[in-house]
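First comes the structure, then the notes that go with it.
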Amino acid sequence: MTSIGGVEMVDWNLAVATATRFVRPGPEVSRDEARAIVAELRRHAKSSEEHVRGFTRMAQPGVEGGAVSHDTPVLVVDRPGWIRANVAGFRAVLKPLLAKMEDRRSSTPGGAVLGAVGGKVTGVELGMLLSFLASRVLGQYETFAPASRDLPAGTQGGRLLLVAPNIVHVERELDVAPHDFRLWVCLHEETHRTQFSAVPWLRDHIEGEIQSFLSETDIDPGTLLERLREAAQSLAGAKPEGEEGEESRSLVDVVQTPVQREILGRLTAVMSLLEGHADYVMDGVGPEVVPSVAEIREKFQKRRASGAGRLDQALRKLLGLDAKLRQYRDGERFVRSVVEEVGMDGFNRVWTSPNTLPTKQEIAKPADWVARVHRKADGAP
């Protein structure tokens with residue numbers, strides 16, 4: 001664990017315990033129903049591989065027959081399982097940032113604050129945030145997941161998580177066909193697994209951007225604690241301290257330097273691409289294998305846009321989740337526009353190298369990406 005003078009920066013075990021304690025219980029199902037749901041999700045995850053591969057025409061280089069070689073496991077988890085997996089991922093990704101904050105501890109006022117409150121308070125507040133998120137995520141491809149005894153990962157890291165209670169909760173809330181909805185979700189998440197399996201440089205590229213972002217972080221420990229506390233107070237229904245409207249600031253907003261804003265722009269573009277591509281694929285494959293895909297998409301879009309009241313909306317702003325919703329919308333529009341203009345094979349040039357990824361501006365103007373990548377590649381002036 002990262003520590004300061006014997007005091008942990010973040011008590012990760014306490015974060016897991018807190019999140020697990022406060023996370024909402026999942027929908028009621030019998031033991032037999034639970035087994036059947038898990039088995040069905042695993043079948044859908046397996047069948048999604050072929051559907052996604054055929055639709056996207058993405059294949060891992062050097063794999064015979066055009067197949068995508070997966071060594072990343074598919075794990076069907078409950079909410080506590082999702083929490084444990086994400087704490088492990090956060091711990092790995094944030095290690096350089098916490099080390100940097102440790103170095104600053106003795107020379108900054110914020111470091112003194114952190115030393116006073118200790119890593120246990122930070123762990124509790126992080127746990128509260130995770131308890132909120134754990135009931136909302138349907139599935140997740142963990143790109144940088146470290147392996148553990150109960151949560152295996154691929155040789156290069158990574159695993160696909162399907163959060164069974166959340167999938168069941170949403171399918172009941174939307175009143176849609178369970179079989180169709182579960183396959184639809186699996187198509188989206190399998191697309192993410194295919195993206196990283198078929199594009200070998202993608203993981204290292206994103207990891208490099210994230211670490212560059214974190215290395216540029218200029219935030220004192222006290223400020224980070226303050227933002228975590230605001231989020232935890234929102235979860236408890238209390239208004240965060242500070243000026244009117246301060247609760248709407250994202251955690252990301254307070255750690256940006258000018259260099260970080262450039263990096264964040266590139267990360268936003270690539271995440272918009274990945275999320276939009278997954279949405280495009282799940283709806284493109286859908287009509288052939290998910291009979292009620294149109295109904296599911298319509299109801300799901302309404303749910304995604306509406307949120308769940310003022311508390312949910314405030315937290316979404318604070319955590320930057322509103323930006324993620326825009327990524328789905330803008331990214332899907334980009335993919336659809338490019339495919340309509342140059343076809344799926346033309347779109348797949350996006351995976352050639354980091355230089356062919358769209359910029360944030362090109363996500364908003366797909367024709368500019370087509371002009372840059374295709375005209376240049378085809379020798380047009």
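Labels used: A, B, ... for chains in the order of the structure tokens, numbers from 1 for residues in each chain, and numbers from 1 for ligands as shown.
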For Gln260 (chain A), work out the shell of residues within 9 Å, counting only C-alpha atoms and skipping chain neighbours fewer than 6 positions away, then give it as a ChimeraX atom specification. /A:212-214,216-217
Resulting file, chosen residues, C-alpha atoms, as a CSV table (one decimal), in the first residue's frame:
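Output (again35.csv):
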```
chain,number,residue,atom,x,y,z
A,212,SER,CA,0.8,10.9,-18.7
A,213,PHE,CA,-2.4,12.5,-17.4
A,214,LEU,CA,-1.6,11.4,-13.8
A,216,GLU,CA,0.9,16.0,-14.8
A,217,THR,CA,-1.5,16.1,-12.0
```
Write out as a Markdown table the residues of region 6-87 of chain A that have any atom within 8 Å of an atom of region 152-173 of chain A, one row each with the nearest atom pair and its distance in Å to one decimal, counting only C-alpha atoms, sorted by chain and then rising number.
```
| residue | atom | partner | partner_atom | distance |
| --- | --- | --- | --- | --- |
| A:Gly26 | CA | A:Pro165 | CA | 5.3 |
| A:Pro27 | CA | A:His169 | CA | 5.9 |
| A:Ile37 | CA | A:Ala164 | CA | 7.3 |
| A:Val38 | CA | A:Ala164 | CA | 6.9 |
| A:Leu41 | CA | A:Leu162 | CA | 7.7 |
| A:Asp71 | CA | A:Gly154 | CA | 5.2 |
| A:Thr72 | CA | A:Gly154 | CA | 4.2 |
| A:Pro73 | CA | A:Arg159 | CA | 5.2 |
| A:Val74 | CA | A:Leu160 | CA | 4.7 |
| A:Leu75 | CA | A:Leu161 | CA | 5.0 |
| A:Val76 | CA | A:Leu162 | CA | 4.8 |
| A:Val77 | CA | A:Val163 | CA | 5.1 |
| A:Asp78 | CA | A:Val163 | CA | 5.5 |
| A:Arg79 | CA | A:Val163 | CA | 6.6 |
| A:Trp82 | CA | A:Val163 | CA | 7.0 |
```
Would you mind exporting N, CA and C atoms of the selected residues as a CSV table (one decimal), in the first residue's frame?
```csv
chain,number,residue,atom,x,y,z
A,26,GLY,N,-29.3,-6.3,-4.5
A,26,GLY,CA,-29.8,-6.6,-5.8
A,26,GLY,C,-31.3,-7.1,-5.8
A,27,PRO,N,-31.8,-7.3,-7.0
A,27,PRO,CA,-33.2,-7.8,-7.0
A,27,PRO,C,-33.3,-9.2,-6.5
A,37,ILE,N,-29.5,-17.5,-14.6
A,37,ILE,CA,-29.1,-16.2,-15.1
A,37,ILE,C,-27.6,-16.2,-15.4
A,38,VAL,N,-26.8,-16.7,-14.5
A,38,VAL,CA,-25.3,-16.7,-14.7
A,38,VAL,C,-25.0,-17.6,-15.9
A,41,LEU,N,-25.9,-15.8,-19.1
A,41,LEU,CA,-25.0,-14.7,-19.5
A,41,LEU,C,-23.7,-15.2,-20.0
A,71,ASP,N,-7.8,-14.4,-24.4
A,71,ASP,CA,-7.4,-15.1,-23.2
A,71,ASP,C,-7.9,-14.3,-22.0
A,72,THR,N,-8.7,-13.3,-22.3
A,72,THR,CA,-9.3,-12.5,-21.2
A,72,THR,C,-10.6,-13.2,-20.7
A,73,PRO,N,-10.7,-13.5,-19.4
A,73,PRO,CA,-11.8,-14.2,-19.0
A,73,PRO,C,-13.1,-13.4,-18.9
A,74,VAL,N,-14.3,-14.1,-19.0
A,74,VAL,CA,-15.6,-13.5,-18.7
A,74,VAL,C,-16.0,-13.9,-17.4
A,75,LEU,N,-16.3,-12.9,-16.5
A,75,LEU,CA,-16.7,-13.1,-15.1
A,75,LEU,C,-18.1,-12.6,-14.9
A,76,VAL,N,-19.0,-13.4,-14.5
A,76,VAL,CA,-20.3,-13.0,-14.1
A,76,VAL,C,-20.2,-12.7,-12.6
A,77,VAL,N,-20.4,-11.5,-12.2
A,77,VAL,CA,-20.2,-11.1,-10.8
A,77,VAL,C,-21.5,-10.4,-10.2
A,78,ASP,N,-21.5,-10.4,-8.8
A,78,ASP,CA,-22.5,-9.6,-8.2
A,78,ASP,C,-21.9,-8.2,-7.9
A,79,ARG,N,-22.6,-7.4,-7.1
A,79,ARG,CA,-22.2,-6.0,-6.9
A,79,ARG,C,-20.9,-6.0,-6.0
A,82,TRP,N,-18.0,-6.7,-8.3
A,82,TRP,CA,-17.6,-5.6,-9.2
A,82,TRP,C,-16.8,-4.6,-8.3
```
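Neighbours of Leu187 (chain A) closer than or equal to 10 Å, with only C-alpha atoms counted and sequence neighbours fewer than 5 positions away skipped, come out as His44, Ala45, Lys46, Ser47, Ser48, Glu49, Glu50, His51, Val52, Phe181, Arg182, His192, Arg193, Ala278, Asp279, Val281, Met282, Asp283, Gly284, Val285 and Gly286 of chain A.
Going from CA of Ser353 (chain A) to CA of Arg375 (chain A) covers 16.4 Å.
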Long-range neighbours of region 295-305 of chain A as an MDAnalysis selection string, 7 Å cut-off, only C-alpha atoms, 2 positions minimum in chain: chainID A and resid 174 176 181 292:293 307
From a DSSP calculation on the backbone, collect every residue of region 13-222 of chain A in strand (DSSP E) and output the set as a list in words. Val74, Leu75, Val76, Val77, Gly139, Gln140, Tyr141, Glu142, Arg159, Leu160, Leu161, Leu162 and Val163 of chain A
Who sits within 12 Å of Ser272 (chain A), only C-alpha atoms, same chain under 2 positions skipped, as an MDAnalysis selection string: chainID A and resid 264:270 274:280 323:335 357:364
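The two atoms in question, CA of His374 (chain A) and CA of Gly346 (chain A), are spaced 7.9 Å apart.
With only C-alpha atoms as the atoms that count, the residue of A:His179, A:Gln195, A:Ser135, A:Val124 with the shortest distance to Ala36 (chain A) is A:His179.
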Using only C-alpha atoms, which residue out of A:Leu129, A:Met58, A:Met271, A:Leu151 lies closest to Ala88 (chain A)? A:Leu151
Residues of region 109-198 of chain A in helix (DSSP H, G or I), written as a PyMOL selection string: chain A and resi 109-133+164-174+178-198
Between CA of Trp12 (chain A) and CA of Arg149 (chain A), what is the distance in Å, rounded to a tenth? 16.9 Å
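Taking only C-alpha atoms into account, Trp369 (chain A) lies nearest to A:Val339 out of the set A:Ile206, A:Leu126, A:Leu98, A:Val339.
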